[in-house]
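**Q** Below is the file protein.txt, which contains compact mmCIF, C-alpha atoms.
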# COMPACT_ATOMS: atom_id res chain seq x y z
CA MET A 1 -12.12 49.35 -9.49
CA ALA A 2 -12.43 45.59 -9.02
CA GLN A 3 -9.24 43.77 -8.11
CA VAL A 4 -8.11 41.34 -10.79
CA SER A 5 -6.83 37.96 -9.59
CA THR A 6 -3.27 37.19 -10.65
CA GLU A 7 -3.50 33.55 -9.63
CA ARG A 8 -2.35 31.31 -12.44
CA VAL A 9 -4.67 28.39 -13.19
CA ILE A 10 -2.95 25.29 -14.58
CA TYR A 11 -4.72 22.44 -16.36
CA ASN A 12 -3.44 18.95 -17.14
CA ARG A 13 -3.77 17.08 -20.44
CA ALA A 14 -7.31 15.98 -19.53
CA GLY A 15 -8.42 19.56 -18.92
CA GLN A 16 -8.61 19.10 -15.15
CA ARG A 17 -7.57 21.97 -12.93
CA VAL A 18 -4.32 21.18 -11.16
CA VAL A 19 -4.51 21.61 -7.38
CA SER A 20 -2.17 20.92 -4.50
CA PRO A 21 -2.11 17.43 -2.99
CA ASP A 22 -3.27 18.87 0.34
CA TYR A 23 -6.26 20.52 -1.28
CA LEU A 24 -7.22 17.38 -3.21
CA LEU A 25 -6.88 15.07 -0.21
CA PHE A 26 -7.93 17.24 2.72
CA GLU A 27 -9.72 20.42 1.66
CA ALA A 28 -11.78 19.82 -1.47
CA PRO A 29 -15.50 19.21 -0.87
CA ARG A 30 -16.50 15.56 -1.14
CA THR A 31 -19.71 13.81 -2.11
CA LYS A 32 -20.81 10.27 -1.28
CA HIS A 33 -20.71 7.55 -3.95
CA PHE A 34 -21.51 3.84 -3.78
CA MET A 35 -18.82 1.80 -5.50
CA THR A 36 -16.50 -1.18 -5.46
CA GLY A 37 -12.82 -1.06 -4.61
CA SER A 38 -12.03 -1.53 -8.30
CA GLU A 39 -14.12 1.51 -9.15
CA ALA A 40 -12.34 3.44 -6.40
CA VAL A 41 -9.06 2.66 -8.18
CA LYS A 42 -10.48 4.18 -11.35
CA GLU A 43 -11.62 7.32 -9.53
CA ALA A 44 -8.23 7.76 -7.86
CA VAL A 45 -6.33 7.34 -11.13
CA LYS A 46 -8.74 9.77 -12.79
CA ARG A 47 -7.58 12.49 -10.39
CA SER A 48 -3.87 11.63 -10.46
CA SER A 49 -2.61 12.95 -13.83
CA VAL A 50 -1.27 9.51 -14.74
CA ASP A 51 1.03 9.27 -17.76
CA ALA A 52 1.14 5.53 -18.33
CA SER A 53 -0.46 2.25 -17.29
CA VAL A 54 0.20 -1.25 -18.61
CA SER A 55 -2.01 -4.17 -17.60
CA TYR A 56 -2.49 -7.89 -17.81
CA PRO A 57 -5.62 -9.75 -16.65
CA ILE A 58 -5.61 -11.85 -13.51
CA THR A 59 -8.42 -12.26 -10.98
CA PRO A 60 -9.43 -10.21 -9.01
CA GLN A 61 -7.58 -7.14 -10.35
CA SER A 62 -8.74 -7.47 -13.96
CA GLU A 63 -11.70 -5.13 -13.49
CA ALA A 64 -9.51 -2.38 -12.05
CA ALA A 65 -7.10 -2.72 -14.96
CA HIS A 66 -10.02 -2.59 -17.40
CA LEU A 67 -11.39 0.55 -15.77
CA ILE A 68 -8.00 2.27 -16.04
CA GLY A 69 -8.19 1.43 -19.75
CA GLU A 70 -11.50 3.28 -19.91
CA LEU A 71 -9.74 6.32 -18.47
CA TRP A 72 -7.27 6.14 -21.34
CA VAL A 73 -10.15 6.19 -23.82
CA GLU A 74 -11.57 9.21 -21.99
CA GLY A 75 -8.24 11.05 -22.11
CA TYR A 76 -7.29 10.85 -18.43
CA VAL A 77 -4.31 8.48 -18.93
CA GLY A 78 -1.57 9.22 -21.44
CA VAL A 79 -0.49 5.70 -22.51
CA TYR A 80 -2.27 2.41 -21.90
CA PHE A 81 -1.78 -1.04 -23.36
CA ARG A 82 -1.86 -4.72 -22.45
CA GLY A 83 1.44 -6.43 -21.78
CA GLU A 84 2.26 -9.94 -22.92
CA SER A 85 2.53 -11.22 -19.33
CA GLU A 86 2.77 -9.92 -15.79
CA PHE A 87 6.56 -9.93 -16.12
CA GLY A 88 6.23 -7.95 -19.34
CA VAL A 89 3.90 -5.44 -17.70
CA MET A 90 6.29 -4.63 -14.88
CA SER A 91 9.27 -4.46 -17.25
CA GLU A 92 7.46 -2.13 -19.64
CA LEU A 93 6.38 0.12 -16.80
CA ALA A 94 9.99 0.36 -15.68
CA GLY A 95 10.84 1.72 -19.11
CA CYS A 96 7.98 4.21 -18.95
CA ALA A 97 9.06 5.39 -15.50
CA MET A 98 12.72 5.72 -16.49
CA ALA A 99 11.54 7.91 -19.36
CA GLY A 100 9.88 10.24 -16.84
CA ALA A 101 6.27 9.02 -16.75
CA ARG A 102 3.96 8.72 -13.74
CA CYS A 103 2.97 5.05 -13.82
CA ILE A 104 0.47 2.74 -12.15
CA THR A 105 -0.61 -0.85 -12.63
CA THR A 106 -2.45 -3.61 -10.80
CA THR A 107 -1.86 -7.30 -10.16
CA SER A 108 -2.85 -10.21 -7.94
CA GLY A 109 -1.58 -13.53 -6.59
CA PRO A 110 0.31 -15.62 -9.16
CA GLY A 111 0.73 -12.49 -11.27
CA THR A 112 2.77 -11.00 -8.45
CA LEU A 113 5.05 -14.01 -8.38
CA ARG A 114 5.47 -14.10 -12.14
CA ALA A 115 6.55 -10.45 -12.06
CA MET A 116 8.62 -10.71 -8.86
CA GLU A 117 12.06 -10.11 -10.37
CA ASN A 118 10.95 -6.64 -11.45
CA PHE A 119 10.10 -5.25 -8.03
CA PRO A 120 13.66 -5.19 -6.64
CA MET A 121 14.69 -3.79 -10.03
CA TRP A 122 12.11 -1.00 -9.66
CA ALA A 123 13.51 -0.21 -6.24
CA GLY A 124 17.11 -0.40 -7.41
CA THR A 125 16.46 2.05 -10.23
CA ARG A 126 14.51 4.34 -7.87
CA VAL A 127 11.44 4.59 -10.09
CA PRO A 128 8.30 5.77 -8.22
CA ILE A 129 5.86 3.36 -9.88
CA GLN A 130 2.70 2.53 -7.95
CA LEU A 131 1.41 -1.05 -7.93
CA VAL A 132 -2.09 -1.67 -6.63
CA LEU A 133 -1.97 -5.24 -5.31
CA MET A 134 -5.36 -6.90 -4.89
CA ALA A 135 -4.15 -9.79 -2.76
CA ARG A 136 -5.40 -13.30 -3.48
CA GLY A 137 -4.35 -16.86 -2.81
CA ILE A 138 -1.13 -18.21 -4.28
CA ASN A 139 -1.11 -21.51 -2.44
CA SER A 140 -1.71 -25.00 -3.78
CA PRO A 141 -4.36 -26.20 -4.37
CA LEU A 142 -5.15 -23.17 -6.48
CA SER A 143 -7.37 -20.50 -4.99
CA ILE A 144 -8.54 -17.23 -6.47
CA GLN A 145 -9.99 -16.14 -3.13
CA PRO A 146 -8.60 -13.46 -0.75
CA ASP A 147 -5.36 -14.40 0.99
CA ASN A 148 -2.42 -12.07 1.57
CA LEU A 149 0.45 -14.56 1.70
CA GLU A 150 1.96 -12.87 -1.36
CA VAL A 151 2.68 -9.75 0.70
CA SER A 152 5.31 -11.70 2.63
CA PHE A 153 7.28 -12.17 -0.59
CA LEU A 154 7.27 -8.40 -1.22
CA LEU A 155 8.44 -7.22 2.19
CA ASP A 156 12.13 -7.08 1.31
CA THR A 157 12.02 -5.94 -2.31
CA GLY A 158 12.94 -2.35 -1.46
CA CYS A 159 9.45 -1.05 -2.21
CA MET A 160 7.24 0.91 0.16
CA ILE A 161 4.16 -1.09 1.16
CA TRP A 162 0.88 0.48 2.33
CA TYR A 163 -2.22 -1.52 3.25
CA ALA A 164 -5.78 -0.27 2.67
CA GLU A 165 -8.64 -1.46 4.86
CA ASN A 166 -11.49 -0.47 2.55
CA ALA A 167 -12.34 1.32 -0.69
CA GLN A 168 -12.07 4.75 0.92
CA ASP A 169 -8.58 3.96 2.17
CA LEU A 170 -7.67 2.66 -1.28
CA PHE A 171 -8.85 5.80 -3.06
CA ASP A 172 -6.97 8.12 -0.72
CA MET A 173 -3.83 5.97 -0.59
CA ILE A 174 -3.44 5.84 -4.36
CA ILE A 175 -3.49 9.62 -4.64
CA ALA A 176 -1.26 10.09 -1.61
CA GLY A 177 1.02 7.35 -2.88
CA PHE A 178 2.05 9.25 -5.99
CA VAL A 179 2.85 12.30 -3.90
CA VAL A 180 5.02 10.45 -1.37
CA ALA A 181 6.75 8.11 -3.82
CA GLU A 182 7.76 11.02 -6.07
CA LYS A 183 9.41 13.09 -3.34
CA PRO A 184 13.06 13.49 -4.46
CA GLU A 185 14.40 12.19 -1.14
CA VAL A 186 12.11 9.15 -1.38
CA HIS A 187 11.60 8.23 -5.05
CA VAL A 188 11.05 4.49 -4.67
CA PRO A 189 8.14 2.29 -5.81
CA LEU A 190 4.99 1.93 -3.74
CA ILE A 191 2.87 -1.21 -3.42
CA THR A 192 -0.63 -0.32 -2.24
CA VAL A 193 -2.26 -3.52 -0.99
CA VAL A 194 -5.94 -4.27 -0.62
CA ASP A 195 -7.64 -7.60 0.03
CA GLY A 196 -9.07 -9.00 -3.18
CA PHE A 197 -12.83 -9.57 -3.43
CA PHE A 198 -13.45 -8.41 0.16
CA VAL A 199 -12.69 -4.89 -1.05
CA SER A 200 -12.15 -5.03 -4.81
CA HIS A 201 -15.64 -6.39 -5.55
CA THR A 202 -17.64 -5.14 -2.56
CA ARG A 203 -19.64 -1.93 -2.81
CA GLU A 204 -19.46 0.64 -0.07
CA ALA A 205 -19.79 4.37 0.46
CA VAL A 206 -16.75 6.34 -0.73
CA MET A 207 -16.37 10.09 -0.36
CA LEU A 208 -14.91 11.60 -3.54
CA PRO A 209 -13.68 15.11 -4.37
CA PRO A 210 -14.79 16.63 -7.71
CA ASP A 211 -13.40 14.93 -10.81
CA ASP A 212 -12.47 18.20 -12.53
CA ILE A 213 -9.43 18.64 -10.26
CA ALA A 214 -6.26 16.57 -10.19
CA LEU A 215 -2.74 16.23 -8.82
CA PRO A 216 0.05 18.26 -10.39
CA PRO A 217 1.72 16.23 -13.17
CA TYR A 218 4.91 14.38 -12.32
CA ASP A 219 8.09 16.40 -12.81
CA PRO A 220 10.87 13.91 -13.67
CA TYR A 221 13.50 16.66 -13.54
CA LYS A 222 13.12 16.76 -9.76
CA ALA A 223 14.04 13.07 -9.55
CA PRO A 224 17.27 12.15 -7.75
CA MET A 225 18.73 10.84 -11.03
CA PRO A 226 18.53 12.17 -14.61
CA VAL A 227 15.92 10.74 -16.95
CA ILE A 228 17.26 8.05 -19.31
CA ASP A 229 20.93 8.66 -18.56
CA ALA A 230 22.94 5.45 -18.75
CA GLU A 231 26.05 7.20 -17.45
CA VAL A 232 24.59 8.20 -14.09
CA PRO A 233 23.65 5.81 -11.23
CA PRO A 234 21.53 3.81 -10.97
CA GLY A 235 21.33 3.53 -14.75
CA ARG A 236 25.04 2.89 -14.99
CA PHE A 237 24.84 0.28 -12.26
CA LEU A 238 22.44 -1.67 -14.44
CA ARG A 239 24.61 -1.78 -17.54
CA ASP A 240 28.22 -1.30 -16.43
CA PRO A 241 30.32 -4.51 -16.28
CA PHE A 242 32.29 -3.24 -13.29
CA VAL A 243 29.54 -4.27 -10.88
CA MET A 244 29.90 -7.85 -12.07
CA LYS A 245 33.59 -8.01 -11.28
CA SER A 246 34.86 -9.75 -8.19
CA ASN A 247 36.44 -6.83 -6.39
CA TYR A 248 35.86 -4.58 -3.41
CA ILE A 249 34.52 -1.69 -5.48
CA SER A 250 31.76 -3.81 -7.01
CA TYR A 251 30.81 -5.23 -3.61
CA ALA A 252 30.71 -1.78 -2.02
CA THR A 253 28.73 -0.33 -4.92
CA HIS A 254 26.03 -2.94 -4.64
CA ALA A 255 25.85 -2.88 -0.85
CA SER A 256 25.77 0.90 -0.54
CA TRP A 257 22.96 1.20 -3.07
CA GLN A 258 20.92 -1.47 -1.26
CA PHE A 259 21.21 0.58 1.93
CA GLU A 260 20.35 3.77 0.09
CA VAL A 261 17.12 2.28 -1.25
CA ARG A 262 16.07 1.21 2.24
CA SER A 263 17.06 4.58 3.64
CA ALA A 264 14.77 6.18 1.07
CA ILE A 265 11.87 4.14 2.44
CA GLU A 266 12.68 5.44 5.92
CA ARG A 267 12.72 9.00 4.59
CA SER A 268 9.12 8.53 3.46
CA ARG A 269 7.89 8.45 7.08
CA PRO A 270 7.06 12.14 7.61
CA TYR A 271 5.32 12.39 4.23
CA ALA A 272 3.33 9.19 4.77
CA ARG A 273 2.43 10.36 8.27
CA HIS A 274 1.04 13.59 6.83
CA TYR A 275 -0.81 12.28 3.78
CA LEU A 276 -2.18 9.15 5.48
CA ARG A 277 -3.16 11.10 8.61
CA GLY A 278 -0.85 8.93 10.67
CA LEU A 279 0.89 5.62 10.06
CA ILE A 280 -1.56 3.75 12.29
CA GLU A 281 -5.18 4.11 13.39
CA GLU A 282 -6.50 3.15 16.82
CA PHE A 283 -10.03 1.97 17.52
CA GLY A 284 -11.53 1.01 20.87
CA ASP A 285 -10.54 1.60 24.50
CA PRO A 286 -7.22 3.54 24.62
CA GLU A 287 -6.23 1.84 27.88
CA ALA A 288 -7.21 -1.69 26.86
CA GLU A 289 -4.92 -4.56 27.80
CA ILE A 290 -6.23 -6.69 24.91
CA VAL A 291 -4.91 -5.29 21.62
CA PHE A 292 -5.36 -6.46 18.04
CA VAL A 293 -2.62 -5.48 15.59
CA ALA A 294 -3.87 -5.95 12.06
CA CYS A 295 -4.13 -4.52 8.57
CA GLY A 296 -6.69 -4.63 5.78
CA THR A 297 -9.83 -6.73 6.21
CA ALA A 298 -8.42 -8.31 9.38
CA ALA A 299 -8.44 -4.83 10.94
CA ALA A 300 -12.06 -4.30 9.90
CA GLN A 301 -13.12 -7.62 11.42
CA SER A 302 -11.11 -6.90 14.56
CA LYS A 303 -13.07 -3.68 15.03
CA GLU A 304 -16.27 -5.70 15.03
CA ALA A 305 -14.70 -8.11 17.53
CA VAL A 306 -13.99 -5.18 19.85
CA ARG A 307 -17.72 -4.37 19.87
CA LEU A 308 -18.61 -7.98 20.64
CA LEU A 309 -16.05 -8.14 23.44
CA GLU A 310 -17.69 -5.09 25.03
CA ASP A 311 -20.79 -7.25 25.46
CA GLU A 312 -18.59 -9.73 27.34
CA GLY A 313 -17.33 -6.96 29.60
CA ILE A 314 -13.86 -7.06 28.02
CA LYS A 315 -12.09 -3.91 26.91
CA ALA A 316 -10.05 -4.18 23.74
CA LYS A 317 -8.71 -2.04 20.94
CA VAL A 318 -7.41 -2.34 17.40
CA VAL A 319 -4.15 -0.91 16.09
CA LYS A 320 -4.58 -0.75 12.32
CA LEU A 321 -1.30 -0.56 10.43
CA LYS A 322 -1.60 1.65 7.36
CA THR A 323 1.98 1.03 6.27
CA ILE A 324 4.17 -2.06 6.48
CA ARG A 325 7.22 -0.54 4.78
CA PRO A 326 8.21 1.64 6.47
CA PHE A 327 7.00 -0.23 9.53
CA PRO A 328 5.44 2.13 12.13
CA VAL A 329 7.71 1.01 14.95
CA GLU A 330 7.44 3.89 17.40
CA GLU A 331 3.71 4.27 16.80
CA LEU A 332 3.15 0.57 17.49
CA ILE A 333 5.25 0.63 20.65
CA ASN A 334 3.29 3.59 21.99
CA ALA A 335 -0.09 2.17 20.98
CA THR A 336 0.60 -1.16 22.75
CA LYS A 337 2.28 0.20 25.90
CA ASN A 338 -0.65 -0.93 28.10
CA ALA A 339 -1.12 -4.26 26.36
CA LYS A 340 -0.83 -7.52 28.22
CA THR A 341 -1.93 -9.63 25.24
CA ILE A 342 -1.48 -8.74 21.58
CA PHE A 343 -3.42 -10.73 18.99
CA VAL A 344 -2.35 -10.61 15.33
CA PRO A 345 -5.22 -11.89 13.15
CA GLU A 346 -4.21 -12.58 9.53
CA PHE A 347 -5.52 -13.76 6.18
CA ASN A 348 -2.63 -16.13 5.47
CA VAL A 349 -1.20 -19.39 6.76
CA VAL A 350 2.34 -18.30 7.66
CA GLY A 351 1.70 -15.31 9.91
CA TRP A 352 4.03 -12.82 8.23
CA LEU A 353 2.55 -9.87 10.15
CA GLU A 354 3.03 -11.69 13.47
CA ARG A 355 6.70 -12.10 12.55
CA GLU A 356 6.95 -8.39 11.85
CA VAL A 357 5.24 -7.45 15.11
CA ARG A 358 7.48 -9.77 17.11
CA ARG A 359 10.55 -8.40 15.37
CA TYR A 360 9.82 -4.79 16.16
CA LEU A 361 8.45 -5.32 19.67
CA TYR A 362 11.30 -7.60 20.75
CA LYS A 363 12.53 -6.38 24.16
CA ARG A 364 10.32 -3.31 23.74
CA SER A 365 7.07 -4.82 25.04
CA ASP A 366 6.24 -7.29 27.81
CA ALA A 367 2.96 -8.31 26.18
CA ASP A 368 2.27 -11.86 25.06
CA ILE A 369 2.07 -11.87 21.26
CA ILE A 370 -0.35 -14.43 19.87
CA GLY A 371 -0.59 -15.05 16.14
CA THR A 372 -4.25 -15.98 15.98
CA PRO A 373 -6.68 -16.34 14.44
CA ARG A 374 -5.36 -17.12 10.98
CA VAL A 375 -7.41 -18.11 7.96
CA ALA A 376 -6.09 -18.96 4.52
CA GLY A 377 -7.11 -19.94 1.01
CA GLY A 378 -9.99 -17.47 0.90
CA MET A 379 -11.74 -18.34 4.16
CA THR A 380 -13.52 -15.50 5.92
CA MET A 381 -12.73 -14.37 9.44
CA PRO A 382 -16.01 -13.58 11.21
CA PRO A 383 -15.53 -11.37 14.27
CA GLU A 384 -16.98 -14.20 16.38
CA VAL A 385 -13.92 -16.28 15.46
CA ILE A 386 -11.66 -13.54 16.78
CA VAL A 387 -13.72 -13.24 19.96
CA LYS A 388 -13.54 -17.01 20.48
CA GLU A 389 -9.72 -16.89 20.40
CA VAL A 390 -9.64 -14.08 22.96
CA LEU A 391 -12.03 -15.83 25.32
CA LYS A 392 -10.05 -19.07 25.08
CA ILE A 393 -6.80 -17.32 25.99
CA LEU A 394 -8.50 -15.53 28.89
CA GLY A 395 -10.01 -18.78 30.14
CA LYS A 396 -13.56 -17.48 29.77
CA GLU A 397 -16.65 -19.29 28.56
CA VAL A 398 -17.24 -19.12 24.83
CA LYS A 399 -20.87 -18.09 24.45
CA HIS A 400 -20.93 -17.51 20.71
CA VAL A 401 -21.78 -20.40 18.44
CA ILE A 402 -19.16 -20.67 15.72
As structure tokens, please, write out the structure in this file.

**A**
Amino acid sequence: MAQVSTERVIYNRAGQRVVSPDYLLFEAPRTKHFMTGSEAVKEAVKRSSVDASVSYPITPQSEAAHLIGELWVEGYVGVYFRGESEFGVMSELAGCAMAGARCITTTSGPGTLRAMENFPMWAGTRVPIQLVLMARGINSPLSIQPDNLEVSFLLDTGCMIWYAENAQDLFDMIIAGFVVAEKPEVHVPLITVVDGFFVSHTREAVMLPPDDIALPPYDPYKAPMPVIDAEVPPGRFLRDPFVMKSNYISYATHASWQFEVRSAIERSRPYARHYLRGLIEEFGDPEAEIVFVACGTAAAQSKEAVRLLEDEGIKAKVVKLKTIRPFPVEELINATKNAKTIFVPEFNVVGWLEREVRRYLYKRSDADIIGTPRVAGGMTMPPEVIVKEVLKILGKEVKHVI
């Protein structure tokens, strides 16, 4: 007599078979597709059992937002509408998340700044919303080109921040992001950053699992606070006049919750390490004394610079940071233990990543930390530019024509 399987098959609202996050990310068979980063966002959301998405157009994330809207039409997203502004979008998503919905949205550049007040509010209310940030210029004169200066404004909002190098990273990070952000001991927002245009509008090969499987739906009853309960923190913190009083209790309440939010980010480390296959990625000679610490497109260009430096007889390696919050401190210290010179190439004018690297390596590394090259306002960073900076510091002849 044939044995009958007792395995229970669960389907989500879109009719997709619900599978474990590990199966979806690591075990399911994948096929190659040629797509933009914006299309990779759509494919990730399609497999994430998303309940709600609110959007507002701003270059270069508008296409991704539009494509999520198509998923709503197709039945893969529960609620979708256009907000009246970027501030409205982030406020409305907060309401959706507090009601127990799995939420995602996208923004860029000035849209980030217009919505800025909401991000610390998201963190303070411990809602696991995911924001896909397609970074672009926010400087004056106006630029719609890639520039990640806006990330520096988000570093201390209380949100987790991951940084994708390419469309494949972006696809995987979005799916993994829901899983990590929704862990009860984490349960804070996640900002998944990718460089606008360089990734959002560039086509590349992306390996995708089947689209008839998806993440388990979000279970709000596993959250660390009840859904829509104004009498329980942090809901009560938001509405109760006692926190506005000038007394020790109100001070302590505010301060302790600020520390709790940041502790939650730290508690995400083991989950991020698992689902991102490590908090950093190393490329090049493991024993190299020349090390590039970078994220996003700067990491991709640094990898090409490592290949060019090999032709010059110089060994180098790249330490790609997959997460900025939490910052991979121990991983970075170990990866740069042989470094004599650390270069931090960046797509912004202020060097926010250099500041972070200096902060966490202070008295923990003897390497010289050099915040170059930097480009801003949408300029590209050819690998030859990176090589030129290295050769100048080493006192070697610059052979490449820049």

**Q** Name the residues in contact with stretch 286-292 of chain A at a cut-off of 12 Å, using only C-alpha atoms, excluding same-chain residues fewer than 3 positions from it; report them as a ChimeraX atom specification.

**A** /A:281-283,295,298-306,309-310,313-321,332-346,353-354,357,366-373,383,386-387,389-391,393-394

**Q** Which residue is closest to A:Met35? Choose from A:Val132, A:Val50, A:Val18, A:Leu170 and count only C-alpha atoms.

**A**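 Under the stated criterion, the closest residue is A:Leu170.
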
**Q** My list of candidates is A:Asn247, A:Glu312, A:Ala181, A:Val293. Which is closest to A:Glu397 when distances are computed with only C-alpha atoms?

**A** A:Glu312

**Q** At what distance in Å, to one decimal, does atom CA of A:Gly75 lie from atom CA of A:Val180?

**A**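 Between atom CA of A:Val180 and atom CA of A:Gly75 the gap works out to 24.6 Å.
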
**Q** Between A:Pro189, A:Pro224, A:Gly37, A:Gly111, which residue has the minimum interatomic distance to A:Thr202, considering all atoms listed in the file?

**A**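 Looking only at the distances to A:Thr202, the closest residue turns out to be A:Gly37.
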
**Q** Which is closest to A:Glu260 among A:Val127, A:Ala52, A:Val186, A:Ile144, if we use all atoms listed in the file?

**A** A:Val186

**Q** Report as a list in words all protein, DNA and RNA residues lying within 9 Å of A:Arg82, evaluated on all atoms listed in the file, omitting residues in the same chain fewer than 3 positions from it.

**A**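 With the cut-off at 9 Å, the set is Ser53, Val54, Ser55, Tyr56, Pro57, Ser85 and Val89 of chain A.
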
**Q** In Å, with one decimal, what is the gap from atom CA of A:His187 to atom CA of A:Leu24?

**A**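 The value is 21.0 Å.
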
**Q** Here is a test: counting all atoms listed in the file, which residue of A:Val19, A:Ala135, A:Val385, A:Leu142 is nearest to A:Val398?

**A**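 Answer, going by the shortest atom-to-atom distance: A:Val385.
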
**Q** Looking at A:Thr297, A:Thr192, A:Asn118, A:Thr125, which one is nearest to A:Val151, with distances taken over all atoms listed in the file?

**A**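 For A:Val151, the nearest of the candidates is A:Thr192.
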
**Q** Dump as an NGL selection string all residues having an atom at most 12 Å from (5.7, 9.0, 8.3), computed in the file's coordinates with all atoms listed in the file.

**A** :A and (160 or 162 or 180 or 186 or 264-280 or 322-331)

**Q** Could you work out how far atom CA of A:Ala123 lies from atom CA of A:Arg136, giving the answer in Å with one decimal?

**A**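 Rounded to one decimal, the two atoms are 23.2 Å apart.
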
**Q** So that I can check the surroundings of A:Pro220, please list as JSON, numbers by chain every protein, DNA and RNA residue that reaches within 7 Å of it, counting only C-alpha atoms and ignoring chain neighbours fewer than 3 positions away.

**A** {"A": [100, 223, 227]}

**Q** Mind filling out stretch 214-229 of chain A with N, CA and C atoms and sending it as a PDB file, in the frame of the given file?

**A**
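Output below, filename result.pdb:
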ATOM      1  N   ALA A 214      -7.208  17.691 -10.164  1.00  0.00           N
ATOM      2  CA  ALA A 214      -6.260  16.570 -10.190  1.00  0.00           C
ATOM      3  C   ALA A 214      -4.918  16.994  -9.602  1.00  0.00           C
ATOM      4  N   LEU A 215      -4.091  15.984  -9.303  1.00  0.00           N
ATOM      5  CA  LEU A 215      -2.740  16.230  -8.820  1.00  0.00           C
ATOM      6  C   LEU A 215      -1.907  16.960  -9.863  1.00  0.00           C
ATOM      7  N   PRO A 216      -0.911  17.711  -9.431  1.00  0.00           N
ATOM      8  CA  PRO A 216       0.050  18.260 -10.390  1.00  0.00           C
ATOM      9  C   PRO A 216       0.733  17.120 -11.143  1.00  0.00           C
ATOM     10  N   PRO A 217       1.012  17.278 -12.424  1.00  0.00           N
ATOM     11  CA  PRO A 217       1.720  16.230 -13.170  1.00  0.00           C
ATOM     12  C   PRO A 217       3.090  15.957 -12.556  1.00  0.00           C
ATOM     13  N   TYR A 218       3.593  14.766 -12.800  1.00  0.00           N
ATOM     14  CA  TYR A 218       4.910  14.380 -12.320  1.00  0.00           C
ATOM     15  C   TYR A 218       5.999  15.186 -13.021  1.00  0.00           C
ATOM     16  N   ASP A 219       6.959  15.668 -12.251  1.00  0.00           N
ATOM     17  CA  ASP A 219       8.090  16.400 -12.810  1.00  0.00           C
ATOM     18  C   ASP A 219       9.343  15.524 -12.688  1.00  0.00           C
ATOM     19  N   PRO A 220       9.726  14.813 -13.752  1.00  0.00           N
ATOM     20  CA  PRO A 220      10.870  13.910 -13.670  1.00  0.00           C
ATOM     21  C   PRO A 220      12.199  14.620 -13.444  1.00  0.00           C
ATOM     22  N   TYR A 221      12.244  15.924 -13.707  1.00  0.00           N
ATOM     23  CA  TYR A 221      13.500  16.660 -13.540  1.00  0.00           C
ATOM     24  C   TYR A 221      13.796  16.973 -12.081  1.00  0.00           C
ATOM     25  N   LYS A 222      12.865  16.649 -11.198  1.00  0.00           N
ATOM     26  CA  LYS A 222      13.120  16.760  -9.760  1.00  0.00           C
ATOM     27  C   LYS A 222      13.541  15.414  -9.166  1.00  0.00           C
ATOM     28  N   ALA A 223      13.641  14.402 -10.013  1.00  0.00           N
ATOM     29  CA  ALA A 223      14.040  13.070  -9.550  1.00  0.00           C
ATOM     30  C   ALA A 223      15.503  13.096  -9.101  1.00  0.00           C
ATOM     31  N   PRO A 224      15.893  12.160  -8.233  1.00  0.00           N
ATOM     32  CA  PRO A 224      17.270  12.150  -7.750  1.00  0.00           C
ATOM     33  C   PRO A 224      18.278  11.623  -8.766  1.00  0.00           C
ATOM     34  N   MET A 225      17.808  11.243  -9.962  1.00  0.00           N
ATOM     35  CA  MET A 225      18.730  10.840 -11.030  1.00  0.00           C
ATOM     36  C   MET A 225      18.164  11.340 -12.360  1.00  0.00           C
ATOM     37  N   PRO A 226      19.022  11.662 -13.318  1.00  0.00           N
ATOM     38  CA  PRO A 226      18.530  12.170 -14.610  1.00  0.00           C
ATOM     39  C   PRO A 226      17.688  11.135 -15.343  1.00  0.00           C
ATOM     40  N   VAL A 227      16.783  11.623 -16.166  1.00  0.00           N
ATOM     41  CA  VAL A 227      15.920  10.740 -16.950  1.00  0.00           C
ATOM     42  C   VAL A 227      16.736  10.114 -18.084  1.00  0.00           C
ATOM     43  N   ILE A 228      16.610   8.808 -18.239  1.00  0.00           N
ATOM     44  CA  ILE A 228      17.260   8.050 -19.310  1.00  0.00           C
ATOM     45  C   ILE A 228      18.721   8.482 -19.489  1.00  0.00           C
ATOM     46  N   ASP A 229      19.515   8.338 -18.466  1.00  0.00           N
ATOM     47  CA  ASP A 229      20.930   8.660 -18.560  1.00  0.00           C
ATOM     48  C   ASP A 229      21.721   7.434 -18.113  1.00  0.00           C
TER      49      ASP A 229
END
